[in-house]
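Here is model36.cif, consisting of mmCIF, N, CA, C and O atoms:
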data_run
#
loop_
_atom_site.group_PDB
_atom_site.id
_atom_site.type_symbol
_atom_site.label_atom_id
_atom_site.label_comp_id
_atom_site.auth_asym_id
_atom_site.auth_seq_id
_atom_site.Cartn_x
_atom_site.Cartn_y
_atom_site.Cartn_z
ATOM 1 N N MET A 22 -110.165 16.688 -40.572
ATOM 2 C CA MET A 22 -109.695 17.285 -41.818
ATOM 3 C C MET A 22 -110.782 17.143 -42.885
ATOM 4 O O MET A 22 -111.379 16.086 -43.043
ATOM 5 N N GLU A 23 -111.014 18.202 -43.638
ATOM 6 C CA GLU A 23 -112.033 18.206 -44.677
ATOM 7 C C GLU A 23 -111.620 17.312 -45.846
ATOM 8 O O GLU A 23 -110.486 17.326 -46.294
ATOM 9 N N GLN A 24 -112.576 16.501 -46.331
ATOM 10 C CA GLN A 24 -112.327 15.628 -47.477
ATOM 11 C C GLN A 24 -112.191 16.467 -48.746
ATOM 12 O O GLN A 24 -113.013 17.341 -49.001
ATOM 13 N N LYS A 25 -111.162 16.216 -49.523
ATOM 14 C CA LYS A 25 -110.952 16.920 -50.786
ATOM 15 C C LYS A 25 -111.653 16.168 -51.905
ATOM 16 O O LYS A 25 -111.756 14.947 -51.888
ATOM 17 N N LEU A 26 -112.120 16.913 -52.902
ATOM 18 C CA LEU A 26 -112.839 16.344 -54.030
ATOM 19 C C LEU A 26 -112.157 16.778 -55.321
ATOM 20 O O LEU A 26 -111.840 17.958 -55.495
ATOM 21 N N ILE A 27 -111.946 15.832 -56.220
ATOM 22 C CA ILE A 27 -111.349 16.116 -57.520
ATOM 23 C C ILE A 27 -112.385 15.822 -58.600
ATOM 24 O O ILE A 27 -113.018 14.766 -58.588
ATOM 25 N N CYS A 28 -112.535 16.743 -59.532
ATOM 26 C CA CYS A 28 -113.414 16.552 -60.689
ATOM 27 C C CYS A 28 -112.536 16.199 -61.890
ATOM 28 O O CYS A 28 -111.634 16.960 -62.248
ATOM 29 N N ILE A 29 -112.805 15.054 -62.500
ATOM 30 C CA ILE A 29 -112.060 14.591 -63.662
ATOM 31 C C ILE A 29 -112.963 14.744 -64.881
ATOM 32 O O ILE A 29 -114.031 14.133 -64.951
ATOM 33 N N VAL A 30 -112.530 15.576 -65.835
ATOM 34 C CA VAL A 30 -113.333 15.857 -67.025
ATOM 35 C C VAL A 30 -112.549 15.398 -68.252
ATOM 36 O O VAL A 30 -111.534 15.992 -68.600
ATOM 37 N N ASP A 31 -113.018 14.316 -68.860
ATOM 38 C CA ASP A 31 -112.342 13.762 -70.037
ATOM 39 C C ASP A 31 -113.355 12.938 -70.823
ATOM 40 O O ASP A 31 -114.168 12.237 -70.219
ATOM 41 N N ASP A 32 -113.305 13.004 -72.135
ATOM 42 C CA ASP A 32 -114.254 12.245 -72.951
ATOM 43 C C ASP A 32 -113.852 10.786 -73.124
ATOM 44 O O ASP A 32 -114.622 9.984 -73.637
ATOM 45 N N ASN A 33 -112.686 10.403 -72.655
ATOM 46 C CA ASN A 33 -112.208 9.020 -72.754
ATOM 47 C C ASN A 33 -112.558 8.274 -71.466
ATOM 48 O O ASN A 33 -112.027 8.585 -70.393
ATOM 49 N N ASP A 34 -113.446 7.277 -71.581
ATOM 50 C CA ASP A 34 -113.883 6.512 -70.404
ATOM 51 C C ASP A 34 -112.720 5.858 -69.670
ATOM 52 O O ASP A 34 -112.683 5.847 -68.436
ATOM 53 N N ASP A 35 -111.774 5.294 -70.418
ATOM 54 C CA ASP A 35 -110.641 4.601 -69.804
ATOM 55 C C ASP A 35 -109.772 5.550 -68.989
ATOM 56 O O ASP A 35 -109.341 5.212 -67.882
ATOM 57 N N ILE A 36 -109.509 6.718 -69.524
ATOM 58 C CA ILE A 36 -108.681 7.694 -68.809
ATOM 59 C C ILE A 36 -109.374 8.138 -67.525
ATOM 60 O O ILE A 36 -108.746 8.197 -66.459
ATOM 61 N N ARG A 37 -110.673 8.439 -67.612
ATOM 62 C CA ARG A 37 -111.403 8.820 -66.392
ATOM 63 C C ARG A 37 -111.318 7.727 -65.349
ATOM 64 O O ARG A 37 -111.097 7.996 -64.173
ATOM 65 N N GLU A 38 -111.477 6.482 -65.762
ATOM 66 C CA GLU A 38 -111.459 5.370 -64.809
ATOM 67 C C GLU A 38 -110.078 5.155 -64.200
ATOM 68 O O GLU A 38 -109.953 4.864 -63.011
ATOM 69 N N ILE A 39 -109.035 5.310 -64.987
ATOM 70 C CA ILE A 39 -107.665 5.184 -64.452
ATOM 71 C C ILE A 39 -107.423 6.225 -63.368
ATOM 72 O O ILE A 39 -106.921 5.909 -62.284
ATOM 73 N N TYR A 40 -107.770 7.478 -63.651
ATOM 74 C CA TYR A 40 -107.618 8.533 -62.648
ATOM 75 C C TYR A 40 -108.464 8.244 -61.416
ATOM 76 O O TYR A 40 -108.016 8.386 -60.281
ATOM 77 N N ARG A 41 -109.737 7.838 -61.625
ATOM 78 C CA ARG A 41 -110.621 7.558 -60.502
ATOM 79 C C ARG A 41 -110.044 6.473 -59.598
ATOM 80 O O ARG A 41 -110.013 6.619 -58.378
ATOM 81 N N MET A 42 -109.541 5.382 -60.205
ATOM 82 C CA MET A 42 -108.974 4.284 -59.417
ATOM 83 C C MET A 42 -107.725 4.737 -58.657
ATOM 84 O O MET A 42 -107.544 4.377 -57.491
ATOM 85 N N LYS A 43 -106.874 5.505 -59.297
ATOM 86 C CA LYS A 43 -105.650 5.980 -58.637
ATOM 87 C C LYS A 43 -105.986 6.868 -57.448
ATOM 88 O O LYS A 43 -105.442 6.686 -56.352
ATOM 89 N N PHE A 44 -106.872 7.827 -57.642
ATOM 90 C CA PHE A 44 -107.235 8.706 -56.535
ATOM 91 C C PHE A 44 -107.968 7.938 -55.440
ATOM 92 O O PHE A 44 -107.748 8.184 -54.255
ATOM 93 N N ALA A 45 -108.824 7.000 -55.815
ATOM 94 C CA ALA A 45 -109.530 6.192 -54.815
ATOM 95 C C ALA A 45 -108.542 5.387 -53.973
ATOM 96 O O ALA A 45 -108.729 5.245 -52.761
ATOM 97 N N SER A 46 -107.482 4.890 -54.592
ATOM 98 C CA SER A 46 -106.477 4.125 -53.846
ATOM 99 C C SER A 46 -105.755 4.989 -52.815
ATOM 100 O O SER A 46 -105.188 4.476 -51.856
ATOM 101 N N GLU A 47 -105.798 6.290 -53.012
ATOM 102 C CA GLU A 47 -105.195 7.240 -52.074
ATOM 103 C C GLU A 47 -106.236 7.827 -51.124
ATOM 104 O O GLU A 47 -105.937 8.738 -50.343
ATOM 105 N N GLY A 48 -107.474 7.342 -51.229
ATOM 106 C CA GLY A 48 -108.537 7.812 -50.348
ATOM 107 C C GLY A 48 -109.135 9.151 -50.750
ATOM 108 O O GLY A 48 -109.743 9.827 -49.936
ATOM 109 N N ILE A 49 -108.980 9.512 -52.025
ATOM 110 C CA ILE A 49 -109.476 10.800 -52.508
ATOM 111 C C ILE A 49 -110.755 10.579 -53.310
ATOM 112 O O ILE A 49 -110.784 9.770 -54.237
ATOM 113 N N GLU A 50 -111.795 11.314 -52.977
ATOM 114 C CA GLU A 50 -113.073 11.213 -53.668
ATOM 115 C C GLU A 50 -113.001 11.943 -55.003
ATOM 116 O O GLU A 50 -112.383 13.002 -55.117
ATOM 117 N N THR A 51 -113.642 11.358 -56.024
ATOM 118 C CA THR A 51 -113.676 11.980 -57.342
ATOM 119 C C THR A 51 -115.107 12.042 -57.861
ATOM 120 O O THR A 51 -115.971 11.268 -57.454
ATOM 121 N N VAL A 52 -115.338 12.989 -58.749
ATOM 122 C CA VAL A 52 -116.555 13.033 -59.560
ATOM 123 C C VAL A 52 -116.092 13.080 -61.009
ATOM 124 O O VAL A 52 -115.045 13.649 -61.315
ATOM 125 N N LEU A 53 -116.868 12.467 -61.894
ATOM 126 C CA LEU A 53 -116.449 12.311 -63.280
ATOM 127 C C LEU A 53 -117.415 12.990 -64.230
ATOM 128 O O LEU A 53 -118.622 12.998 -63.996
ATOM 129 N N ALA A 54 -116.855 13.539 -65.318
ATOM 130 C CA ALA A 54 -117.661 14.151 -66.371
ATOM 131 C C ALA A 54 -117.049 13.782 -67.719
ATOM 132 O O ALA A 54 -115.826 13.686 -67.843
ATOM 133 N N SER A 55 -117.903 13.612 -68.731
ATOM 134 C CA SER A 55 -117.424 13.169 -70.039
ATOM 135 C C SER A 55 -117.259 14.298 -71.053
ATOM 136 O O SER A 55 -116.785 14.074 -72.152
ATOM 137 N N ASP A 56 -117.649 15.515 -70.684
ATOM 138 C CA ASP A 56 -117.419 16.667 -71.563
ATOM 139 C C ASP A 56 -117.423 17.945 -70.720
ATOM 140 O O ASP A 56 -117.778 17.916 -69.540
ATOM 141 N N GLY A 57 -117.036 19.037 -71.338
ATOM 142 C CA GLY A 57 -116.900 20.293 -70.604
ATOM 143 C C GLY A 57 -118.197 20.813 -70.018
ATOM 144 O O GLY A 57 -118.226 21.342 -68.911
ATOM 145 N N ALA A 58 -119.300 20.662 -70.742
ATOM 146 C CA ALA A 58 -120.587 21.147 -70.241
ATOM 147 C C ALA A 58 -121.015 20.383 -68.992
ATOM 148 O O ALA A 58 -121.452 20.978 -68.005
ATOM 149 N N GLU A 59 -120.872 19.062 -69.036
ATOM 150 C CA GLU A 59 -121.202 18.248 -67.861
ATOM 151 C C GLU A 59 -120.258 18.588 -66.707
ATOM 152 O O GLU A 59 -120.678 18.697 -65.551
ATOM 153 N N GLY A 60 -118.980 18.755 -67.022
ATOM 154 C CA GLY A 60 -118.007 19.120 -65.996
ATOM 155 C C GLY A 60 -118.351 20.436 -65.334
ATOM 156 O O GLY A 60 -118.289 20.560 -64.110
ATOM 157 N N LEU A 61 -118.733 21.415 -66.123
ATOM 158 C CA LEU A 61 -119.090 22.721 -65.585
ATOM 159 C C LEU A 61 -120.293 22.617 -64.649
ATOM 160 O O LEU A 61 -120.317 23.221 -63.573
ATOM 161 N N ARG A 62 -121.287 21.825 -65.040
ATOM 162 C CA ARG A 62 -122.462 21.620 -64.189
ATOM 163 C C ARG A 62 -122.061 20.995 -62.849
ATOM 164 O O ARG A 62 -122.472 21.447 -61.789
ATOM 165 N N ILE A 63 -121.196 19.981 -62.899
ATOM 166 C CA ILE A 63 -120.739 19.315 -61.679
ATOM 167 C C ILE A 63 -119.910 20.268 -60.823
ATOM 168 O O ILE A 63 -120.051 20.304 -59.599
ATOM 169 N N ILE A 64 -119.041 21.052 -61.447
ATOM 170 C CA ILE A 64 -118.193 21.999 -60.719
ATOM 171 C C ILE A 64 -119.045 23.033 -59.991
ATOM 172 O O ILE A 64 -118.787 23.350 -58.829
ATOM 173 N N ARG A 65 -120.074 23.528 -60.655
ATOM 174 C CA ARG A 65 -120.975 24.489 -60.007
ATOM 175 C C ARG A 65 -121.673 23.869 -58.800
ATOM 176 O O ARG A 65 -121.858 24.509 -57.773
ATOM 177 N N GLU A 66 -122.074 22.625 -58.936
ATOM 178 C CA GLU A 66 -122.836 21.947 -57.890
ATOM 179 C C GLU A 66 -121.967 21.454 -56.735
ATOM 180 O O GLU A 66 -122.289 21.651 -55.575
ATOM 181 N N LYS A 67 -120.846 20.820 -57.053
ATOM 182 C CA LYS A 67 -120.025 20.139 -56.037
ATOM 183 C C LYS A 67 -118.865 20.977 -55.496
ATOM 184 O O LYS A 67 -118.327 20.663 -54.447
ATOM 185 N N ARG A 68 -118.426 21.986 -56.251
ATOM 186 C CA ARG A 68 -117.291 22.832 -55.848
ATOM 187 C C ARG A 68 -116.051 22.013 -55.464
ATOM 188 O O ARG A 68 -115.567 22.061 -54.330
ATOM 189 N N PRO A 69 -115.498 21.245 -56.413
ATOM 190 C CA PRO A 69 -114.311 20.435 -56.108
ATOM 191 C C PRO A 69 -113.092 21.305 -55.801
ATOM 192 O O PRO A 69 -113.022 22.464 -56.213
ATOM 193 N N SER A 70 -112.137 20.715 -55.097
ATOM 194 C CA SER A 70 -110.891 21.403 -54.768
ATOM 195 C C SER A 70 -109.968 21.480 -55.978
ATOM 196 O O SER A 70 -109.202 22.429 -56.126
ATOM 197 N N VAL A 71 -110.030 20.453 -56.843
ATOM 198 C CA VAL A 71 -109.149 20.348 -58.010
ATOM 199 C C VAL A 71 -109.981 19.873 -59.191
ATOM 200 O O VAL A 71 -110.887 19.057 -59.034
ATOM 201 N N VAL A 72 -109.635 20.376 -60.387
ATOM 202 C CA VAL A 72 -110.269 19.920 -61.623
ATOM 203 C C VAL A 72 -109.174 19.459 -62.575
ATOM 204 O O VAL A 72 -108.249 20.217 -62.869
ATOM 205 N N LEU A 73 -109.273 18.208 -63.048
ATOM 206 C CA LEU A 73 -108.410 17.709 -64.116
ATOM 207 C C LEU A 73 -109.232 17.782 -65.383
ATOM 208 O O LEU A 73 -110.267 17.131 -65.505
ATOM 209 N N LEU A 74 -108.768 18.570 -66.343
ATOM 210 C CA LEU A 74 -109.595 18.919 -67.488
ATOM 211 C C LEU A 74 -108.865 18.623 -68.792
ATOM 212 O O LEU A 74 -107.790 19.168 -69.053
ATOM 213 N N ASP A 75 -109.458 17.757 -69.608
ATOM 214 C CA ASP A 75 -108.941 17.479 -70.946
ATOM 215 C C ASP A 75 -109.208 18.693 -71.832
ATOM 216 O O ASP A 75 -110.139 19.455 -71.579
ATOM 217 N N ILE A 76 -108.420 18.862 -72.877
ATOM 218 C CA ILE A 76 -108.588 20.000 -73.773
ATOM 219 C C ILE A 76 -109.542 19.661 -74.920
ATOM 220 O O ILE A 76 -110.480 20.388 -75.190
ATOM 221 N N GLN A 77 -109.312 18.547 -75.599
ATOM 222 C CA GLN A 77 -110.105 18.193 -76.773
ATOM 223 C C GLN A 77 -111.263 17.288 -76.372
ATOM 224 O O GLN A 77 -111.080 16.087 -76.173
ATOM 225 N N MET A 78 -112.454 17.892 -76.264
ATOM 226 C CA MET A 78 -113.654 17.154 -75.889
ATOM 227 C C MET A 78 -114.829 17.652 -76.713
ATOM 228 O O MET A 78 -114.832 18.784 -77.181
ATOM 229 N N PRO A 79 -115.860 16.814 -76.861
ATOM 230 C CA PRO A 79 -117.066 17.261 -77.564
ATOM 231 C C PRO A 79 -117.901 18.188 -76.674
ATOM 232 O O PRO A 79 -117.640 18.310 -75.482
ATOM 233 N N VAL A 80 -118.880 18.793 -77.244
ATOM 234 C CA VAL A 80 -119.858 19.680 -76.599
ATOM 235 C C VAL A 80 -119.201 20.985 -76.154
ATOM 236 O O VAL A 80 -119.562 22.042 -76.621
ATOM 237 N N MET A 81 -118.256 20.929 -75.231
ATOM 238 C CA MET A 81 -117.526 22.115 -74.772
ATOM 239 C C MET A 81 -116.084 21.678 -74.522
ATOM 240 O O MET A 81 -115.837 20.808 -73.686
ATOM 241 N N ASP A 82 -115.134 22.251 -75.255
ATOM 242 C CA ASP A 82 -113.740 21.842 -75.075
ATOM 243 C C ASP A 82 -113.165 22.400 -73.774
ATOM 244 O O ASP A 82 -113.797 23.202 -73.083
ATOM 245 N N GLY A 83 -111.978 21.964 -73.448
ATOM 246 C CA GLY A 83 -111.345 22.357 -72.192
ATOM 247 C C GLY A 83 -111.057 23.845 -72.084
ATOM 248 O O GLY A 83 -111.113 24.413 -70.994
ATOM 249 N N PHE A 84 -110.746 24.487 -73.211
ATOM 250 C CA PHE A 84 -110.477 25.927 -73.175
ATOM 251 C C PHE A 84 -111.736 26.710 -72.808
ATOM 252 O O PHE A 84 -111.711 27.600 -71.958
ATOM 253 N N GLU A 85 -112.851 26.368 -73.459
ATOM 254 C CA GLU A 85 -114.108 27.046 -73.150
ATOM 255 C C GLU A 85 -114.561 26.741 -71.719
ATOM 256 O O GLU A 85 -115.027 27.627 -71.006
ATOM 257 N N ALA A 86 -114.392 25.491 -71.298
ATOM 258 C CA ALA A 86 -114.749 25.124 -69.924
ATOM 259 C C ALA A 86 -113.921 25.922 -68.920
ATOM 260 O O ALA A 86 -114.445 26.415 -67.918
ATOM 261 N N THR A 87 -112.625 26.084 -69.196
ATOM 262 C CA THR A 87 -111.751 26.856 -68.304
ATOM 263 C C THR A 87 -112.219 28.311 -68.194
ATOM 264 O O THR A 87 -112.262 28.873 -67.096
ATOM 265 N N ARG A 88 -112.579 28.906 -69.321
ATOM 266 C CA ARG A 88 -113.085 30.286 -69.283
ATOM 267 C C ARG A 88 -114.330 30.381 -68.401
ATOM 268 O O ARG A 88 -114.480 31.321 -67.607
ATOM 269 N N ASN A 89 -115.218 29.397 -68.512
ATOM 270 C CA ASN A 89 -116.435 29.388 -67.697
ATOM 271 C C ASN A 89 -116.128 29.141 -66.223
ATOM 272 O O ASN A 89 -116.744 29.763 -65.347
ATOM 273 N N ILE A 90 -115.199 28.263 -65.945
ATOM 274 C CA ILE A 90 -114.813 27.974 -64.546
ATOM 275 C C ILE A 90 -114.234 29.222 -63.899
ATOM 276 O O ILE A 90 -114.546 29.540 -62.751
ATOM 277 N N ARG A 91 -113.417 29.953 -64.618
ATOM 278 C CA ARG A 91 -112.821 31.176 -64.075
ATOM 279 C C ARG A 91 -113.870 32.218 -63.687
ATOM 280 O O ARG A 91 -113.660 33.018 -62.791
ATOM 281 N N GLN A 92 -115.011 32.206 -64.363
ATOM 282 C CA GLN A 92 -116.086 33.149 -64.045
ATOM 283 C C GLN A 92 -116.800 32.782 -62.751
ATOM 284 O O GLN A 92 -117.494 33.611 -62.182
ATOM 285 N N LEU A 93 -116.642 31.524 -62.324
ATOM 286 C CA LEU A 93 -117.278 31.109 -61.070
ATOM 287 C C LEU A 93 -116.559 31.731 -59.897
ATOM 288 O O LEU A 93 -116.994 31.827 -58.835
#

Let me see whether you can do it: turn the structure in this file into structure tokens.
Amino acid sequence: MEQKLICIVDDNDDIREIYRMKFASEGIETVLASDGAEGLRIIREKRPSVVLLDIQMPVMDGFEATRNIRQL
């Protein structure tokens, strides 16, 4: 079975770590990003199965990141 990858995009370090630990406890690999621009770069490179995306972030907010992700 193919390993699934989740991209967690949030500017709050604690929230990213909580999600990472929870998914890791279930054997799910994660990649982390602290803003929408970094998340978009990771999404283009890694092609995760799921993206958890915060709305209010610096550099590129979740709405703008979503518009860019949809273009991929």

Length of the atom C of A:Ala86 to atom C of A:Arg68 vector [Å]: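 Calculated distance between atom C of A:Ala86 and atom C of A:Arg68 is 14.2 Å.
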
Going by DSSP on the backbone, which residues of chain A come out as strand (DSSP E or B)? List them as a compact mmCIF listing (two decimals) with N, CA, C and O atoms, keeping the file's coordinate frame.
# COMPACT_ATOMS: atom_id res chain seq x y z
N LEU A 26 -112.12 16.91 -52.90
CA LEU A 26 -112.84 16.34 -54.03
C LEU A 26 -112.16 16.78 -55.32
O LEU A 26 -111.84 17.96 -55.50
N ILE A 27 -111.95 15.83 -56.22
CA ILE A 27 -111.35 16.12 -57.52
C ILE A 27 -112.38 15.82 -58.60
O ILE A 27 -113.02 14.77 -58.59
N CYS A 28 -112.54 16.74 -59.53
CA CYS A 28 -113.41 16.55 -60.69
C CYS A 28 -112.54 16.20 -61.89
O CYS A 28 -111.63 16.96 -62.25
N ILE A 29 -112.80 15.05 -62.50
CA ILE A 29 -112.06 14.59 -63.66
C ILE A 29 -112.96 14.74 -64.88
O ILE A 29 -114.03 14.13 -64.95
N VAL A 30 -112.53 15.58 -65.83
CA VAL A 30 -113.33 15.86 -67.03
C VAL A 30 -112.55 15.40 -68.25
O VAL A 30 -111.53 15.99 -68.60
N GLU A 50 -111.80 11.31 -52.98
CA GLU A 50 -113.07 11.21 -53.67
C GLU A 50 -113.00 11.94 -55.00
O GLU A 50 -112.38 13.00 -55.12
N THR A 51 -113.64 11.36 -56.02
CA THR A 51 -113.68 11.98 -57.34
C THR A 51 -115.11 12.04 -57.86
O THR A 51 -115.97 11.27 -57.45
N VAL A 52 -115.34 12.99 -58.75
CA VAL A 52 -116.56 13.03 -59.56
C VAL A 52 -116.09 13.08 -61.01
O VAL A 52 -115.04 13.65 -61.32
N LEU A 53 -116.87 12.47 -61.89
CA LEU A 53 -116.45 12.31 -63.28
C LEU A 53 -117.42 12.99 -64.23
O LEU A 53 -118.62 13.00 -64.00
N ALA A 54 -116.86 13.54 -65.32
CA ALA A 54 -117.66 14.15 -66.37
C ALA A 54 -117.05 13.78 -67.72
O ALA A 54 -115.83 13.69 -67.84
N VAL A 71 -110.03 20.45 -56.84
CA VAL A 71 -109.15 20.35 -58.01
C VAL A 71 -109.98 19.87 -59.19
O VAL A 71 -110.89 19.06 -59.03
N VAL A 72 -109.64 20.38 -60.39
CA VAL A 72 -110.27 19.92 -61.62
C VAL A 72 -109.17 19.46 -62.58
O VAL A 72 -108.25 20.22 -62.87
N LEU A 73 -109.27 18.21 -63.05
CA LEU A 73 -108.41 17.71 -64.12
C LEU A 73 -109.23 17.78 -65.38
O LEU A 73 -110.27 17.13 -65.50
N LEU A 74 -108.77 18.57 -66.34
CA LEU A 74 -109.60 18.92 -67.49
C LEU A 74 -108.86 18.62 -68.79
O LEU A 74 -107.79 19.17 -69.05

Nearest residue to A:Ile76 out of A:Tyr40, A:Gly60, A:Thr51, A:Val30, using only N, CA, C and O atoms? A:Val30

Using the chain letters and residue numbers of this document, give as number ranges by chain the residues selected by the PyMOL selection byres (((chain A and resi 69 and name CA) around 10) and name CA). A: 25-29, 50-52, 63-68, 70-72

Fewer than 3 positions away in the same chain doesn't count, so skip those; otherwise give me all residues within 7 Å of A:Gly57, counting only N, CA, C and O atoms, as a list in words.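 Final neighbour list, sorted by chain and number: Val30, Asp31, Ala54, Gly60, Leu61, Arg62, Ile63, Asp75, Met78, Pro79, Val80, Met81, Asp82, Gly83, Glu85 and Ala86 of chain A.
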
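Atom pair atom C of A:Leu53 / atom O of A:Gln77 has a distance of 13.9 Å (rounded to one decimal).
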
Pick the closest to A:Leu74 from A:Asp32, A:Gln92, A:Gln24, A:Ile39: which is it, counting only N, CA, C and O atoms?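 Among the listed residues, the smallest separation from A:Leu74 belongs to A:Asp32.
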
Just list as a compact mmCIF listing (two decimals) with N, CA, C and O atoms, in the coordinates of the input whatever in chain A DSSP marks as alpha helix (DSSP H).
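Done, and the output landed in part-v8.txt:
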# COMPACT_ATOMS: atom_id res chain seq x y z
N ASP A 34 -113.45 7.28 -71.58
CA ASP A 34 -113.88 6.51 -70.40
C ASP A 34 -112.72 5.86 -69.67
O ASP A 34 -112.68 5.85 -68.44
N ASP A 35 -111.77 5.29 -70.42
CA ASP A 35 -110.64 4.60 -69.80
C ASP A 35 -109.77 5.55 -68.99
O ASP A 35 -109.34 5.21 -67.88
N ILE A 36 -109.51 6.72 -69.52
CA ILE A 36 -108.68 7.69 -68.81
C ILE A 36 -109.37 8.14 -67.53
O ILE A 36 -108.75 8.20 -66.46
N ARG A 37 -110.67 8.44 -67.61
CA ARG A 37 -111.40 8.82 -66.39
C ARG A 37 -111.32 7.73 -65.35
O ARG A 37 -111.10 8.00 -64.17
N GLU A 38 -111.48 6.48 -65.76
CA GLU A 38 -111.46 5.37 -64.81
C GLU A 38 -110.08 5.16 -64.20
O GLU A 38 -109.95 4.86 -63.01
N ILE A 39 -109.04 5.31 -64.99
CA ILE A 39 -107.66 5.18 -64.45
C ILE A 39 -107.42 6.22 -63.37
O ILE A 39 -106.92 5.91 -62.28
N TYR A 40 -107.77 7.48 -63.65
CA TYR A 40 -107.62 8.53 -62.65
C TYR A 40 -108.46 8.24 -61.42
O TYR A 40 -108.02 8.39 -60.28
N ARG A 41 -109.74 7.84 -61.62
CA ARG A 41 -110.62 7.56 -60.50
C ARG A 41 -110.04 6.47 -59.60
O ARG A 41 -110.01 6.62 -58.38
N MET A 42 -109.54 5.38 -60.20
CA MET A 42 -108.97 4.28 -59.42
C MET A 42 -107.72 4.74 -58.66
O MET A 42 -107.54 4.38 -57.49
N LYS A 43 -106.87 5.50 -59.30
CA LYS A 43 -105.65 5.98 -58.64
C LYS A 43 -105.99 6.87 -57.45
O LYS A 43 -105.44 6.69 -56.35
N PHE A 44 -106.87 7.83 -57.64
CA PHE A 44 -107.24 8.71 -56.54
C PHE A 44 -107.97 7.94 -55.44
O PHE A 44 -107.75 8.18 -54.26
N ALA A 45 -108.82 7.00 -55.82
CA ALA A 45 -109.53 6.19 -54.82
C ALA A 45 -108.54 5.39 -53.97
O ALA A 45 -108.73 5.24 -52.76
N SER A 46 -107.48 4.89 -54.59
CA SER A 46 -106.48 4.12 -53.85
C SER A 46 -105.76 4.99 -52.82
O SER A 46 -105.19 4.48 -51.86
N GLY A 57 -117.04 19.04 -71.34
CA GLY A 57 -116.90 20.29 -70.60
C GLY A 57 -118.20 20.81 -70.02
O GLY A 57 -118.23 21.34 -68.91
N ALA A 58 -119.30 20.66 -70.74
CA ALA A 58 -120.59 21.15 -70.24
C ALA A 58 -121.02 20.38 -68.99
O ALA A 58 -121.45 20.98 -68.00
N GLU A 59 -120.87 19.06 -69.04
CA GLU A 59 -121.20 18.25 -67.86
C GLU A 59 -120.26 18.59 -66.71
O GLU A 59 -120.68 18.70 -65.55
N GLY A 60 -118.98 18.76 -67.02
CA GLY A 60 -118.01 19.12 -66.00
C GLY A 60 -118.35 20.44 -65.33
O GLY A 60 -118.29 20.56 -64.11
N LEU A 61 -118.73 21.42 -66.12
CA LEU A 61 -119.09 22.72 -65.58
C LEU A 61 -120.29 22.62 -64.65
O LEU A 61 -120.32 23.22 -63.57
N ARG A 62 -121.29 21.82 -65.04
CA ARG A 62 -122.46 21.62 -64.19
C ARG A 62 -122.06 21.00 -62.85
O ARG A 62 -122.47 21.45 -61.79
N ILE A 63 -121.20 19.98 -62.90
CA ILE A 63 -120.74 19.32 -61.68
C ILE A 63 -119.91 20.27 -60.82
O ILE A 63 -120.05 20.30 -59.60
N ILE A 64 -119.04 21.05 -61.45
CA ILE A 64 -118.19 22.00 -60.72
C ILE A 64 -119.04 23.03 -59.99
O ILE A 64 -118.79 23.35 -58.83
N ARG A 65 -120.07 23.53 -60.66
CA ARG A 65 -120.98 24.49 -60.01
C ARG A 65 -121.67 23.87 -58.80
O ARG A 65 -121.86 24.51 -57.77
N GLU A 66 -122.07 22.62 -58.94
CA GLU A 66 -122.84 21.95 -57.89
C GLU A 66 -121.97 21.45 -56.74
O GLU A 66 -122.29 21.65 -55.58
N LYS A 67 -120.85 20.82 -57.05
CA LYS A 67 -120.02 20.14 -56.04
C LYS A 67 -118.86 20.98 -55.50
O LYS A 67 -118.33 20.66 -54.45
N GLY A 83 -111.98 21.96 -73.45
CA GLY A 83 -111.34 22.36 -72.19
C GLY A 83 -111.06 23.84 -72.08
O GLY A 83 -111.11 24.41 -70.99
N PHE A 84 -110.75 24.49 -73.21
CA PHE A 84 -110.48 25.93 -73.18
C PHE A 84 -111.74 26.71 -72.81
O PHE A 84 -111.71 27.60 -71.96
N GLU A 85 -112.85 26.37 -73.46
CA GLU A 85 -114.11 27.05 -73.15
C GLU A 85 -114.56 26.74 -71.72
O GLU A 85 -115.03 27.63 -71.01
N ALA A 86 -114.39 25.49 -71.30
CA ALA A 86 -114.75 25.12 -69.92
C ALA A 86 -113.92 25.92 -68.92
O ALA A 86 -114.44 26.42 -67.92
N THR A 87 -112.62 26.08 -69.20
CA THR A 87 -111.75 26.86 -68.30
C THR A 87 -112.22 28.31 -68.19
O THR A 87 -112.26 28.87 -67.10
N ARG A 88 -112.58 28.91 -69.32
CA ARG A 88 -113.08 30.29 -69.28
C ARG A 88 -114.33 30.38 -68.40
O ARG A 88 -114.48 31.32 -67.61
N ASN A 89 -115.22 29.40 -68.51
CA ASN A 89 -116.44 29.39 -67.70
C ASN A 89 -116.13 29.14 -66.22
O ASN A 89 -116.74 29.76 -65.35
N ILE A 90 -115.20 28.26 -65.94
CA ILE A 90 -114.81 27.97 -64.55
C ILE A 90 -114.23 29.22 -63.90
O ILE A 90 -114.55 29.54 -62.75
N ARG A 91 -113.42 29.95 -64.62
CA ARG A 91 -112.82 31.18 -64.08
C ARG A 91 -113.87 32.22 -63.69
O ARG A 91 -113.66 33.02 -62.79
N GLN A 92 -115.01 32.21 -64.36
CA GLN A 92 -116.09 33.15 -64.04
C GLN A 92 -116.80 32.78 -62.75
O GLN A 92 -117.49 33.61 -62.18

How far is it from atom CA of A:Leu73 to atom CA of A:Arg91, in Å with one decimal?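 Computing the Euclidean distance for atom CA of A:Leu73 and atom CA of A:Arg91 yields 14.2 Å.
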
When you count all atoms listed in the file, which of these residues is closest to A:Asn33: A:Phe84, A:Ile90, A:Ile49, A:Ser55?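 Between A:Phe84, A:Ile90, A:Ile49, A:Ser55, the residue approaching A:Asn33 most closely is A:Ser55.
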